[in-house]
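> File name final32.csv; file contents CSV, C-alpha atoms; full text below.
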chain,number,residue,atom,x,y,z
A,5,MET,CA,0.0,0.0,0.0
A,6,GLN,CA,3.1,2.2,-0.3
A,7,LYS,CA,1.5,4.0,-3.2
A,8,LEU,CA,-1.5,5.2,-1.2
A,9,PHE,CA,0.8,6.3,1.6
A,10,ASP,CA,3.0,8.3,-0.8
A,11,HIS,CA,-0.1,9.8,-2.4
A,12,ILE,CA,-1.6,10.9,1.0
A,13,LYS,CA,1.7,12.4,2.0
A,14,LYS,CA,1.6,14.7,-1.0
A,15,TYR,CA,-1.3,16.6,0.8
A,16,ILE,CA,-0.9,16.0,4.6
A,17,ASN,CA,1.7,15.0,7.1
A,18,ILE,CA,1.1,11.5,8.4
A,19,ASN,CA,3.5,9.0,10.0
A,20,GLU,CA,4.0,5.3,9.4
A,21,ASN,CA,1.9,4.4,12.5
A,22,GLU,CA,-1.0,6.6,11.5
A,23,PHE,CA,-0.9,5.1,8.0
A,24,GLN,CA,-1.1,1.6,9.3
A,25,GLU,CA,-4.3,2.4,11.0
A,26,ILE,CA,-5.6,4.3,7.9
A,27,ALA,CA,-4.7,1.3,5.7
A,28,SER,CA,-6.8,-1.0,7.9
A,29,PHE,CA,-9.9,0.7,6.6
A,30,PHE,CA,-9.1,-0.5,3.1
A,31,GLU,CA,-9.4,-3.9,1.3
A,32,THR,CA,-7.0,-4.8,-1.5
A,33,LYS,CA,-8.6,-6.4,-4.5
A,34,PRO,CA,-6.9,-7.8,-7.6
A,35,VAL,CA,-9.2,-7.6,-10.6
A,36,HIS,CA,-8.5,-9.3,-13.9
A,37,LYS,CA,-8.7,-7.7,-17.3
A,38,LYS,CA,-12.3,-6.9,-18.3
A,39,GLU,CA,-13.7,-7.8,-14.8
A,40,VAL,CA,-16.8,-5.8,-14.0
A,41,PHE,CA,-16.4,-5.3,-10.2
A,42,TYR,CA,-19.4,-3.1,-9.8
A,43,THR,CA,-22.7,-3.7,-11.6
A,44,PRO,CA,-25.7,-1.2,-11.7
A,45,GLY,CA,-28.1,-1.6,-8.8
A,46,SER,CA,-25.7,-3.5,-6.5
A,47,THR,CA,-25.5,-2.3,-2.9
A,48,SER,CA,-21.8,-2.8,-2.7
A,49,LEU,CA,-20.6,0.5,-4.3
A,50,LYS,CA,-17.3,1.5,-2.8
A,51,HIS,CA,-14.7,4.2,-3.4
A,52,TYR,CA,-11.8,2.7,-5.3
A,53,PHE,CA,-8.1,3.7,-5.5
A,54,VAL,CA,-6.0,2.2,-8.3
A,55,LEU,CA,-2.7,0.8,-7.1
A,56,GLU,CA,-1.9,-0.7,-10.5
A,57,GLY,CA,-3.6,-0.9,-13.9
A,58,CYS,CA,-6.6,1.0,-15.2
A,59,VAL,CA,-10.3,0.9,-14.5
A,60,HIS,CA,-13.2,2.9,-16.0
A,61,MET,CA,-16.8,3.7,-15.1
A,62,TYR,CA,-19.3,3.5,-18.0
A,63,PHE,CA,-23.0,3.0,-19.0
A,64,VAL,CA,-24.5,1.3,-22.0
A,65,ASN,CA,-26.1,3.8,-24.3
A,66,ASP,CA,-29.2,3.4,-26.5
A,67,ARG,CA,-27.1,2.1,-29.4
A,68,GLY,CA,-25.8,-0.7,-27.1
A,69,THR,CA,-22.3,0.7,-26.9
A,70,GLU,CA,-20.3,1.4,-23.7
A,71,GLN,CA,-19.9,5.1,-22.9
A,72,THR,CA,-17.0,5.8,-20.6
A,73,LEU,CA,-17.7,8.5,-18.0
A,74,GLN,CA,-14.5,8.3,-15.9
A,75,PHE,CA,-11.1,6.7,-15.9
A,76,ALA,CA,-8.7,5.9,-13.2
A,77,ILE,CA,-5.1,4.9,-13.6
A,78,GLU,CA,-2.4,4.5,-10.9
A,79,ASN,CA,-3.0,6.8,-7.9
A,80,TRP,CA,-6.5,7.9,-9.1
A,81,TRP,CA,-9.7,7.5,-7.2
A,82,ILE,CA,-12.9,6.4,-8.9
A,83,THR,CA,-16.6,5.9,-7.9
A,84,ASP,CA,-20.0,7.3,-8.7
A,85,CYS,CA,-19.7,10.2,-6.3
A,86,LEU,CA,-23.3,11.2,-6.1
A,87,ALA,CA,-24.4,7.6,-5.4
A,88,PHE,CA,-21.5,7.0,-2.9
A,89,GLN,CA,-22.1,10.1,-0.9
A,90,ASN,CA,-25.7,9.2,-0.5
A,91,ASN,CA,-24.9,5.6,0.2
A,92,ARG,CA,-27.1,4.5,-2.7
A,93,SER,CA,-26.5,2.1,-5.5
A,94,SER,CA,-25.2,3.4,-8.8
A,95,GLU,CA,-26.6,3.1,-12.3
A,96,PHE,CA,-23.1,2.7,-13.8
A,97,PHE,CA,-20.7,-0.2,-14.4
A,98,ILE,CA,-17.1,-0.1,-13.0
A,99,GLN,CA,-14.7,-2.4,-14.9
A,100,ALA,CA,-11.0,-3.1,-15.1
A,101,VAL,CA,-9.7,-2.1,-18.5
A,102,GLU,CA,-6.6,-4.2,-17.8
A,103,SER,CA,-5.4,-6.5,-15.0
A,104,SER,CA,-5.4,-4.2,-12.0
A,105,VAL,CA,-4.9,-4.0,-8.3
A,106,ILE,CA,-7.3,-1.7,-6.4
A,107,LEU,CA,-8.0,-0.6,-2.9
A,108,GLN,CA,-11.6,-0.3,-1.9
A,109,ILE,CA,-13.3,1.4,1.0
A,110,GLY,CA,-17.1,1.4,1.8
A,111,TYR,CA,-19.2,4.4,2.6
A,112,LYS,CA,-19.5,3.6,6.3
A,113,GLU,CA,-15.7,2.9,6.6
A,114,GLN,CA,-14.8,6.1,4.8
A,115,GLU,CA,-17.1,8.0,7.2
A,116,GLU,CA,-15.4,6.3,10.2
A,117,LEU,CA,-11.9,7.0,8.7
A,118,LEU,CA,-12.7,10.7,8.4
A,119,LEU,CA,-14.0,10.8,12.0
A,120,LYS,CA,-11.0,9.1,13.3
A,121,PHE,CA,-8.5,11.0,11.1
A,122,PRO,CA,-10.0,14.4,10.5
A,123,LYS,CA,-6.9,15.5,8.5
A,124,MET,CA,-7.9,13.0,5.9
A,125,GLU,CA,-10.7,15.5,5.1
A,126,ILE,CA,-7.8,17.7,3.6
A,127,TYR,CA,-6.7,14.8,1.5
A,128,PHE,CA,-10.2,14.1,0.1
A,129,ARG,CA,-11.0,17.7,-0.3
A,130,ASN,CA,-8.0,18.0,-2.6
A,131,ILE,CA,-8.9,14.8,-4.5
A,132,TYR,CA,-12.4,16.0,-5.2
A,133,GLN,CA,-11.3,19.5,-6.0
A,134,THR,CA,-8.8,18.3,-8.6
A,135,ALA,CA,-11.3,15.8,-10.1
A,136,TYR,CA,-13.9,18.5,-10.4
A,137,GLY,CA,-11.4,20.9,-12.0
A,138,ALA,CA,-10.4,18.2,-14.5
A,139,ALA,CA,-14.0,17.5,-15.3
A,140,ILE,CA,-14.6,21.1,-16.2
A,141,MET,CA,-11.4,21.1,-18.4
A,142,ARG,CA,-12.6,17.9,-20.2
A,143,MET,CA,-15.9,19.7,-20.9
A,144,LYS,CA,-13.9,22.7,-22.2
A,145,TYR,CA,-12.1,20.3,-24.6
A,146,MET,CA,-15.3,18.7,-25.7
A,147,PHE,CA,-16.9,22.1,-26.5
A,148,SER,CA,-13.8,23.7,-28.1
A,149,TYR,CA,-12.6,21.4,-30.7
A,150,SER,CA,-13.8,19.4,-33.7
A,151,LYS,CA,-14.2,15.7,-33.3
A,152,GLU,CA,-10.8,15.1,-35.0
A,153,GLU,CA,-9.0,17.8,-33.2
A,154,ILE,CA,-10.1,17.0,-29.7
A,155,TYR,CA,-8.4,13.6,-29.6
A,156,CYS,CA,-5.1,15.1,-30.8
A,157,ARG,CA,-5.2,18.0,-28.4
A,158,PHE,CA,-6.1,15.8,-25.5
A,159,LYS,CA,-3.2,13.5,-26.4
A,160,GLU,CA,-0.8,16.5,-26.5
A,161,ALA,CA,-2.0,17.9,-23.1
A,162,PHE,CA,-2.1,14.6,-21.2
A,163,PRO,CA,0.4,12.2,-22.7
A,164,GLU,CA,0.9,10.1,-19.6
A,165,PHE,CA,-2.8,9.4,-19.4
A,166,ILE,CA,-3.2,8.6,-23.1
A,167,ASN,CA,-0.3,6.2,-22.9
A,168,ASN,CA,-1.9,4.2,-20.2
A,169,VAL,CA,-5.3,3.7,-21.6
A,170,PRO,CA,-6.5,2.0,-24.8
A,171,GLN,CA,-7.1,4.6,-27.5
A,172,TYR,CA,-10.7,3.7,-28.3
A,173,LEU,CA,-11.7,4.1,-24.7
A,174,VAL,CA,-10.1,7.6,-24.6
A,175,ALA,CA,-12.2,8.4,-27.7
A,176,THR,CA,-15.4,7.4,-26.1
A,177,TYR,CA,-14.4,9.3,-22.9
A,178,LEU,CA,-14.1,12.4,-25.1
A,179,GLY,CA,-17.6,11.9,-26.7
A,180,LEU,CA,-16.3,11.1,-30.1
A,181,SER,CA,-18.6,9.4,-32.7
A,182,PRO,CA,-18.8,5.6,-32.8
A,183,GLU,CA,-17.3,5.8,-36.3
A,184,TYR,CA,-14.3,7.7,-35.1
A,185,VAL,CA,-13.9,5.4,-32.2
A,186,SER,CA,-14.0,2.4,-34.5
A,187,LYS,CA,-11.4,4.0,-36.8
A,188,ILE,CA,-9.1,4.5,-33.8
A,189,ARG,CA,-9.8,1.0,-32.5
A,190,ARG,CA,-8.9,-0.5,-35.9
A,191,LYS,CA,-5.8,1.5,-36.1
A,192,SER,CA,-4.7,0.5,-32.6
A,193,ILE,CA,-5.3,-3.2,-33.3
A,194,SER,CA,-3.5,-3.2,-36.6
B,3,MET,CA,-24.6,36.3,5.2
B,4,GLN,CA,-27.3,34.2,6.8
B,5,LYS,CA,-27.5,32.1,3.7
B,6,LEU,CA,-23.9,31.0,3.9
B,7,PHE,CA,-24.3,30.3,7.6
B,8,ASP,CA,-27.3,28.1,6.9
B,9,HIS,CA,-25.5,26.3,4.1
B,10,ILE,CA,-22.4,25.5,6.2
B,11,LYS,CA,-24.7,24.2,9.0
B,12,LYS,CA,-26.0,21.6,6.6
B,13,TYR,CA,-22.6,19.9,6.8
B,14,ILE,CA,-21.0,20.8,10.1
B,15,ASN,CA,-21.9,22.2,13.5
B,16,ILE,CA,-20.8,25.8,13.9
B,17,ASN,CA,-22.1,28.4,16.3
B,18,GLU,CA,-22.9,32.0,15.7
B,19,ASN,CA,-19.5,33.2,17.1
B,20,GLU,CA,-17.5,30.9,15.0
B,21,PHE,CA,-19.5,32.0,11.9
B,22,GLN,CA,-18.8,35.6,12.6
B,23,GLU,CA,-15.1,34.8,12.4
B,24,ILE,CA,-15.5,32.7,9.3
B,25,ALA,CA,-17.6,35.5,7.7
B,26,SER,CA,-14.7,37.9,8.2
B,27,PHE,CA,-12.7,36.0,5.6
B,28,PHE,CA,-15.3,36.9,2.9
B,29,GLU,CA,-16.1,40.1,1.0
B,30,THR,CA,-19.6,40.8,-0.1
B,31,LYS,CA,-19.9,42.0,-3.7
B,32,PRO,CA,-23.0,43.2,-5.5
B,33,VAL,CA,-22.7,42.7,-9.3
B,34,HIS,CA,-25.0,44.0,-11.9
B,35,LYS,CA,-26.6,42.1,-14.7
B,36,LYS,CA,-24.0,41.1,-17.4
B,37,GLU,CA,-21.1,42.4,-15.3
B,38,VAL,CA,-18.0,40.3,-16.0
B,39,PHE,CA,-16.3,40.2,-12.6
B,40,TYR,CA,-13.4,38.0,-13.6
B,41,THR,CA,-11.6,38.3,-17.0
B,42,PRO,CA,-9.1,35.8,-18.3
B,43,GLY,CA,-5.5,36.3,-17.2
B,44,SER,CA,-6.4,38.5,-14.2
B,45,THR,CA,-4.6,37.6,-11.0
B,46,SER,CA,-7.7,38.3,-8.8
B,47,LEU,CA,-9.4,34.9,-9.3
B,48,LYS,CA,-11.4,34.1,-6.2
B,49,HIS,CA,-13.8,31.5,-5.0
B,50,TYR,CA,-17.4,32.8,-5.3
B,51,PHE,CA,-20.5,31.9,-3.3
B,52,VAL,CA,-23.8,33.2,-4.7
B,53,LEU,CA,-26.1,34.8,-2.1
B,54,GLU,CA,-28.6,36.0,-4.7
B,55,GLY,CA,-29.0,35.8,-8.5
B,56,CYS,CA,-27.1,33.7,-11.0
B,57,VAL,CA,-23.6,33.7,-12.4
B,58,HIS,CA,-21.8,31.6,-15.0
B,59,MET,CA,-18.2,30.8,-16.1
B,60,TYR,CA,-17.6,30.7,-19.9
B,61,PHE,CA,-15.1,31.0,-22.7
B,62,VAL,CA,-15.5,32.3,-26.2
B,63,ASN,CA,-15.2,29.6,-28.8
B,64,ASP,CA,-13.8,29.8,-32.3
B,65,ARG,CA,-17.2,30.8,-33.7
B,66,GLY,CA,-17.1,33.8,-31.3
B,67,THR,CA,-19.9,32.6,-29.2
B,68,GLU,CA,-20.0,32.2,-25.4
B,69,GLN,CA,-19.8,28.6,-24.2
B,70,THR,CA,-21.0,28.2,-20.6
B,71,LEU,CA,-18.9,25.7,-18.5
B,72,GLN,CA,-20.5,26.2,-15.1
B,73,PHE,CA,-23.4,27.9,-13.5
B,74,ALA,CA,-24.0,29.0,-10.0
B,75,ILE,CA,-27.4,30.0,-8.5
B,76,GLU,CA,-28.2,30.8,-4.9
B,77,ASN,CA,-26.1,28.8,-2.4
B,78,TRP,CA,-23.7,27.5,-5.1
B,79,TRP,CA,-20.0,28.0,-5.3
B,80,ILE,CA,-18.2,28.8,-8.5
B,81,THR,CA,-14.6,29.3,-9.7
B,82,ASP,CA,-12.1,27.7,-12.1
B,83,CYS,CA,-11.0,25.1,-9.5
B,84,LEU,CA,-7.7,24.0,-11.2
B,85,ALA,CA,-6.6,27.6,-11.5
B,86,PHE,CA,-7.8,28.5,-8.0
B,87,GLN,CA,-6.1,25.6,-6.3
B,88,ASN,CA,-2.8,26.4,-8.0
B,89,ASN,CA,-3.3,30.1,-7.2
B,90,ARG,CA,-3.0,30.9,-10.9
B,91,SER,CA,-5.1,33.0,-13.2
B,92,SER,CA,-7.8,31.4,-15.2
B,93,GLU,CA,-8.5,31.4,-19.0
B,94,PHE,CA,-12.2,31.8,-18.4
B,95,PHE,CA,-14.7,34.6,-17.9
B,96,ILE,CA,-17.0,34.8,-14.9
B,97,GLN,CA,-20.1,36.9,-15.3
B,98,ALA,CA,-23.4,37.8,-13.6
B,99,VAL,CA,-26.3,36.5,-15.7
B,100,GLU,CA,-28.6,38.7,-13.7
B,101,SER,CA,-28.2,41.2,-10.9
B,102,SER,CA,-26.6,39.2,-8.1
B,103,VAL,CA,-24.9,39.4,-4.7
B,104,ILE,CA,-21.9,37.2,-4.3
B,105,LEU,CA,-19.4,36.5,-1.5
B,106,GLN,CA,-15.8,36.1,-2.5
B,107,ILE,CA,-12.7,34.7,-0.8
B,108,GLY,CA,-9.2,34.7,-2.2
B,109,TYR,CA,-6.8,31.7,-2.3
B,110,LYS,CA,-4.7,32.9,0.6
B,111,GLU,CA,-7.7,33.7,2.7
B,112,GLN,CA,-9.3,30.3,2.0
B,113,GLU,CA,-6.1,28.6,3.0
B,114,GLU,CA,-6.0,30.6,6.2
B,115,LEU,CA,-9.7,29.9,6.9
B,116,LEU,CA,-9.1,26.2,6.6
B,117,LEU,CA,-6.1,26.3,8.9
B,118,LYS,CA,-8.0,28.2,11.5
B,119,PHE,CA,-11.2,26.2,11.1
B,120,PRO,CA,-10.2,22.7,10.1
B,121,LYS,CA,-13.8,21.6,10.2
B,122,MET,CA,-14.4,23.8,7.2
B,123,GLU,CA,-12.5,21.1,5.3
B,124,ILE,CA,-15.5,18.9,5.8
B,125,TYR,CA,-17.7,21.6,4.3
B,126,PHE,CA,-15.5,22.1,1.3
B,127,ARG,CA,-14.9,18.4,0.8
B,128,ASN,CA,-18.7,18.0,0.5
B,129,ILE,CA,-19.0,20.9,-1.9
B,130,TYR,CA,-16.4,19.6,-4.3
B,131,GLN,CA,-17.7,16.0,-4.0
B,132,THR,CA,-21.2,17.1,-5.0
B,133,ALA,CA,-19.9,19.4,-7.8
B,134,TYR,CA,-17.8,16.6,-9.2
B,135,GLY,CA,-20.7,14.1,-9.0
B,136,ALA,CA,-22.9,16.6,-10.8
B,137,ALA,CA,-20.3,17.2,-13.5
B,138,ILE,CA,-20.3,13.4,-14.2
B,139,MET,CA,-24.1,13.3,-14.4
B,140,ARG,CA,-24.1,16.3,-16.8
B,141,MET,CA,-21.6,14.3,-19.0
B,142,LYS,CA,-24.0,11.3,-18.8
B,143,TYR,CA,-26.8,13.5,-20.0
B,144,MET,CA,-24.7,14.9,-22.8
B,145,PHE,CA,-23.7,11.4,-24.0
B,146,SER,CA,-27.1,9.8,-23.5
B,147,TYR,CA,-29.7,11.9,-25.3
B,148,SER,CA,-30.2,13.5,-28.7
B,149,LYS,CA,-29.8,17.3,-28.9
B,150,GLU,CA,-33.6,17.8,-28.6
B,151,GLU,CA,-34.1,15.3,-25.9
B,152,ILE,CA,-31.3,16.4,-23.6
B,153,TYR,CA,-32.8,19.8,-23.0
B,154,CYS,CA,-36.2,18.4,-22.0
B,155,ARG,CA,-34.8,15.6,-19.8
B,156,PHE,CA,-32.5,18.1,-18.0
B,157,LYS,CA,-35.5,20.4,-17.5
B,158,GLU,CA,-37.5,17.5,-16.0
B,159,ALA,CA,-34.7,16.4,-13.7
B,160,PHE,CA,-33.6,19.8,-12.4
B,161,PRO,CA,-36.7,22.1,-12.6
B,162,GLU,CA,-35.4,24.5,-9.9
B,163,PHE,CA,-32.2,25.1,-11.8
B,164,ILE,CA,-33.9,25.6,-15.1
B,165,ASN,CA,-36.4,28.1,-13.7
B,166,ASN,CA,-33.6,30.3,-12.4
B,167,VAL,CA,-31.4,30.5,-15.5
B,168,PRO,CA,-32.2,31.9,-19.0
B,169,GLN,CA,-33.0,29.0,-21.3
B,170,TYR,CA,-30.5,29.7,-24.0
B,171,LEU,CA,-27.7,29.6,-21.4
B,172,VAL,CA,-28.8,26.2,-20.2
B,173,ALA,CA,-28.8,25.1,-23.8
B,174,THR,CA,-25.1,26.2,-24.3
B,175,TYR,CA,-24.3,24.6,-20.9
B,176,LEU,CA,-25.6,21.3,-22.3
B,177,GLY,CA,-23.5,21.6,-25.5
B,178,LEU,CA,-26.5,22.1,-27.8
B,179,SER,CA,-25.9,23.5,-31.3
B,180,PRO,CA,-25.9,27.3,-31.8
B,181,GLU,CA,-29.0,26.8,-34.0
B,182,TYR,CA,-30.9,25.1,-31.3
B,183,VAL,CA,-29.7,27.7,-28.8
B,184,SER,CA,-31.0,30.5,-31.1
B,185,LYS,CA,-34.3,28.7,-31.4
B,186,ILE,CA,-34.7,28.6,-27.7
B,187,ARG,CA,-33.5,32.1,-27.3
B,188,ARG,CA,-36.1,33.4,-29.9
B,189,LYS,CA,-38.8,31.4,-28.2
B,190,SER,CA,-38.0,32.8,-24.7
B,191,ILE,CA,-37.8,36.3,-26.0
B,192,SER,CA,-41.1,36.1,-27.9
With the file now loaded, output its structure as structure tokens.

Amino acid sequence: MQKLFDHIKKYININENEFQEIASFFETKPVHKKEVFYTPGSTSLKHYFVLEGCVHMYFVNDRGTEQTLQFAIENWWITDCLAFQNNRSSEFFIQAVESSVILQIGYKEQEELLLKFPKMEIYFRNIYQTAYGAAIMRMKYMFSYSKEEIYCRFKEAFPEFINNVPQYLVATYLGLSPEYVSKIRRKSIS
Amino acid sequence: MQKLFDHIKKYININENEFQEIASFFETKPVHKKEVFYTPGSTSLKHYFVLEGCVHMYFVNDRGTEQTLQFAIENWWITDCLAFQNNRSSEFFIQAVESSVILQIGYKEQEELLLKFPKMEIYFRNIYQTAYGAAIMRMKYMFSYSKEEIYCRFKEAFPEFINNVPQYLVATYLGLSPEYVSKIRRKSIS
């Protein structure tokens, strides 16, 4: 769990002993490629931190294709926030894009963790603040550029992210047309 | 500032005296209809809380039209989060849609406030968590429905919001075509 420890230390001062206690609130879960570890309507929605690999949250649209809403690569958090904060089930799927190792924490456990370690509020405030800021920037990209341009611009701006995620998934994440997504998918397979 | 006090009390316990001190970190600012109170590149980016009225954050796209990225009505916060948390200037405009009264707090002041009242971390963690969750839901709407359907669905789901914001602005917020926006604008004027 060293990665979570290092990530938390970017925002707050905690020592090894405190972290051992914090870590006890989490459960490590290896997930294999394509494994859907949360399905819509299930009561087991948790907050997930990616230690290794890549996961995404998606729904199936009217055309029957998967539409990615969020990604998480190493050191990123992912969940359906609105559902999680209301301790409700989500309408979305959460799936491993590749073989991954995740940490998970339930709603009740996260509440307990925050009560016991109030300084973790600082950590989570920063996590959500960054995630919200990034969501607005993604929206800006989606509104600013033509379908062809958006993919290239995004690739230029976030090379690390693009290199860790299959290209056709990035394309659906950016709201590109199914045709454009297929084109990229064919390209990346060939 | 009663509205901010009430809003904070939804998330944490604070008494009147504590709030008086918290309030001293904020500045009240009346803004008139169409007033742009933040322009791109200015160093005075703050975090804004709407006491009355409605404000939005936008950029001007290649076609020269305003594209709304975020709204804030009564009891909502607004800023360019990524820029604010890095204490940098933003590339966006923030403007009053109608006559409004806002509270504003600078980056340094917000940091001081959080140091002095660590429980305000809980408040802001909740604010950002909700904003992030809402941004993901907006994305879901944008990906799920046809241009015509999205506006009606959104109106159904968030009637309070729609009733407080000019319809053509909601349309640009949802990424609808300039033509569709004009149609709604003409309709709402006539």
> So how many Å separate CA of Lys187 in chain A and CA of Phe96 in chain A, to one decimal?
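Interatomic distance here is 25.8 Å.
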> Considering only C-alpha atoms, extract the chain B residues located within 8 Å of chain A and return them as a list in words.
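Interface list for chain B against chain A: Asn63, Asp64, Gln69, Leu71, Gln72, Asp82, Cys83, Leu84, Glu123, Ile124, Phe126, Arg127, Asn128, Tyr130, Gln131, Thr132, Ala133, Tyr134, Gly135, Ala136, Ala137, Ile138, Met141, Lys142, Phe145, Ser146 and Gly177 of chain B.
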> Go ahead and compute the interatomic distance for CA of Val99 in chain B and CA of His58 in chain B, in Å to one decimal.
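Between CA of Val99 in chain B and CA of His58 in chain B the gap is 6.7 Å.
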> Between B:Tyr109, B:Tyr143, B:Phe95, B:Tyr170, which has the minimum distance to Arg188 in chain B (counting all atoms listed in the file)?
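Smallest separation from Arg188 in chain B among the options: B:Tyr170.
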> Enter the distance from CA of Gln171 in chain A to CA of Tyr52 in chain A, in Å, rounded to one decimal.
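CA of Tyr52 in chain A lies 22.8 Å from CA of Gln171 in chain A.
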> Return the single residue from A:Gln24, A:Gln99, A:Thr47, A:Asn90 that is closest to Met61 in chain A, with distances computed using all atoms listed in the file.
A:Gln99
> Counting only C-alpha atoms, figure out which residue out of B:Val52, B:Ala25, B:Val33, B:Ile14 gets nearest to Leu115 in chain B.
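Ranked by minimum distance to Leu115 in chain B, first place goes to B:Ala25.
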> Which residue, B:Ile104, B:Ile24, B:Ala74, B:Ala159, has the smallest gap to Leu53 in chain B when you use all atoms listed in the file?
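Of all the options, B:Ile104 lies closest to Leu53 in chain B.
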> Measuring between all atoms listed in the file, which one of B:Phe163, B:Trp79, B:Tyr40, B:Phe21 shows the shortest distance to Asp8 in chain B?
B:Phe21
> If I only have part of range 29-43 of chain A, can you fill in N, CA, C and O atoms and write it as a PDB file, in the coordinates of the input?

ATOM      1  N   PHE A  29      -8.574   0.400   7.053  1.00  0.00           N
ATOM      2  CA  PHE A  29      -9.900   0.700   6.600  1.00  0.00           C
ATOM      3  C   PHE A  29     -10.164   0.182   5.142  1.00  0.00           C
ATOM      4  O   PHE A  29     -11.286   0.137   4.664  1.00  0.00           O
ATOM      5  N   PHE A  30      -9.057  -0.142   4.484  1.00  0.00           N
ATOM      6  CA  PHE A  30      -9.100  -0.500   3.100  1.00  0.00           C
ATOM      7  C   PHE A  30      -8.981  -2.025   2.864  1.00  0.00           C
ATOM      8  O   PHE A  30      -8.386  -2.706   3.694  1.00  0.00           O
ATOM      9  N   GLU A  31      -9.473  -2.462   1.725  1.00  0.00           N
ATOM     10  CA  GLU A  31      -9.400  -3.900   1.300  1.00  0.00           C
ATOM     11  C   GLU A  31      -8.656  -3.881  -0.017  1.00  0.00           C
ATOM     12  O   GLU A  31      -9.035  -3.131  -0.917  1.00  0.00           O
ATOM     13  N   THR A  32      -7.654  -4.721  -0.157  1.00  0.00           N
ATOM     14  CA  THR A  32      -7.000  -4.800  -1.500  1.00  0.00           C
ATOM     15  C   THR A  32      -7.707  -5.846  -2.318  1.00  0.00           C
ATOM     16  O   THR A  32      -8.141  -6.883  -1.808  1.00  0.00           O
ATOM     17  N   LYS A  33      -7.829  -5.521  -3.581  1.00  0.00           N
ATOM     18  CA  LYS A  33      -8.600  -6.400  -4.500  1.00  0.00           C
ATOM     19  C   LYS A  33      -7.950  -6.456  -5.841  1.00  0.00           C
ATOM     20  O   LYS A  33      -7.938  -5.463  -6.570  1.00  0.00           O
ATOM     21  N   PRO A  34      -7.401  -7.621  -6.187  1.00  0.00           N
ATOM     22  CA  PRO A  34      -6.900  -7.800  -7.600  1.00  0.00           C
ATOM     23  C   PRO A  34      -8.058  -8.010  -8.487  1.00  0.00           C
ATOM     24  O   PRO A  34      -8.976  -8.750  -8.127  1.00  0.00           O
ATOM     25  N   VAL A  35      -8.078  -7.386  -9.615  1.00  0.00           N
ATOM     26  CA  VAL A  35      -9.200  -7.600 -10.600  1.00  0.00           C
ATOM     27  C   VAL A  35      -8.542  -7.929 -11.930  1.00  0.00           C
ATOM     28  O   VAL A  35      -7.541  -7.328 -12.326  1.00  0.00           O
ATOM     29  N   HIS A  36      -9.126  -8.914 -12.608  1.00  0.00           N
ATOM     30  CA  HIS A  36      -8.500  -9.300 -13.900  1.00  0.00           C
ATOM     31  C   HIS A  36      -9.079  -8.458 -15.026  1.00  0.00           C
ATOM     32  O   HIS A  36     -10.119  -7.798 -14.885  1.00  0.00           O
ATOM     33  N   LYS A  37      -8.368  -8.478 -16.123  1.00  0.00           N
ATOM     34  CA  LYS A  37      -8.700  -7.700 -17.300  1.00  0.00           C
ATOM     35  C   LYS A  37     -10.192  -7.923 -17.669  1.00  0.00           C
ATOM     36  O   LYS A  37     -10.632  -9.063 -17.708  1.00  0.00           O
ATOM     37  N   LYS A  38     -10.928  -6.866 -17.883  1.00  0.00           N
ATOM     38  CA  LYS A  38     -12.300  -6.900 -18.300  1.00  0.00           C
ATOM     39  C   LYS A  38     -13.316  -7.230 -17.167  1.00  0.00           C
ATOM     40  O   LYS A  38     -14.519  -7.317 -17.392  1.00  0.00           O
ATOM     41  N   GLU A  39     -12.781  -7.489 -15.960  1.00  0.00           N
ATOM     42  CA  GLU A  39     -13.700  -7.800 -14.800  1.00  0.00           C
ATOM     43  C   GLU A  39     -14.538  -6.611 -14.465  1.00  0.00           C
ATOM     44  O   GLU A  39     -14.025  -5.514 -14.247  1.00  0.00           O
ATOM     45  N   VAL A  40     -15.854  -6.839 -14.422  1.00  0.00           N
ATOM     46  CA  VAL A  40     -16.800  -5.800 -14.000  1.00  0.00           C
ATOM     47  C   VAL A  40     -16.923  -5.972 -12.465  1.00  0.00           C
ATOM     48  O   VAL A  40     -17.537  -6.942 -12.020  1.00  0.00           O
ATOM     49  N   PHE A  41     -16.350  -5.096 -11.682  1.00  0.00           N
ATOM     50  CA  PHE A  41     -16.400  -5.300 -10.200  1.00  0.00           C
ATOM     51  C   PHE A  41     -17.501  -4.508  -9.551  1.00  0.00           C
ATOM     52  O   PHE A  41     -17.711  -4.624  -8.353  1.00  0.00           O
ATOM     53  N   TYR A  42     -18.191  -3.676 -10.308  1.00  0.00           N
ATOM     54  CA  TYR A  42     -19.400  -3.100  -9.800  1.00  0.00           C
ATOM     55  C   TYR A  42     -20.461  -3.107 -10.914  1.00  0.00           C
ATOM     56  O   TYR A  42     -20.201  -2.606 -12.013  1.00  0.00           O
ATOM     57  N   THR A  43     -21.643  -3.657 -10.635  1.00  0.00           N
ATOM     58  CA  THR A  43     -22.700  -3.700 -11.600  1.00  0.00           C
ATOM     59  C   THR A  43     -23.877  -2.807 -11.125  1.00  0.00           C
ATOM     60  O   THR A  43     -24.130  -2.745  -9.912  1.00  0.00           O
TER      61      THR A  43
END
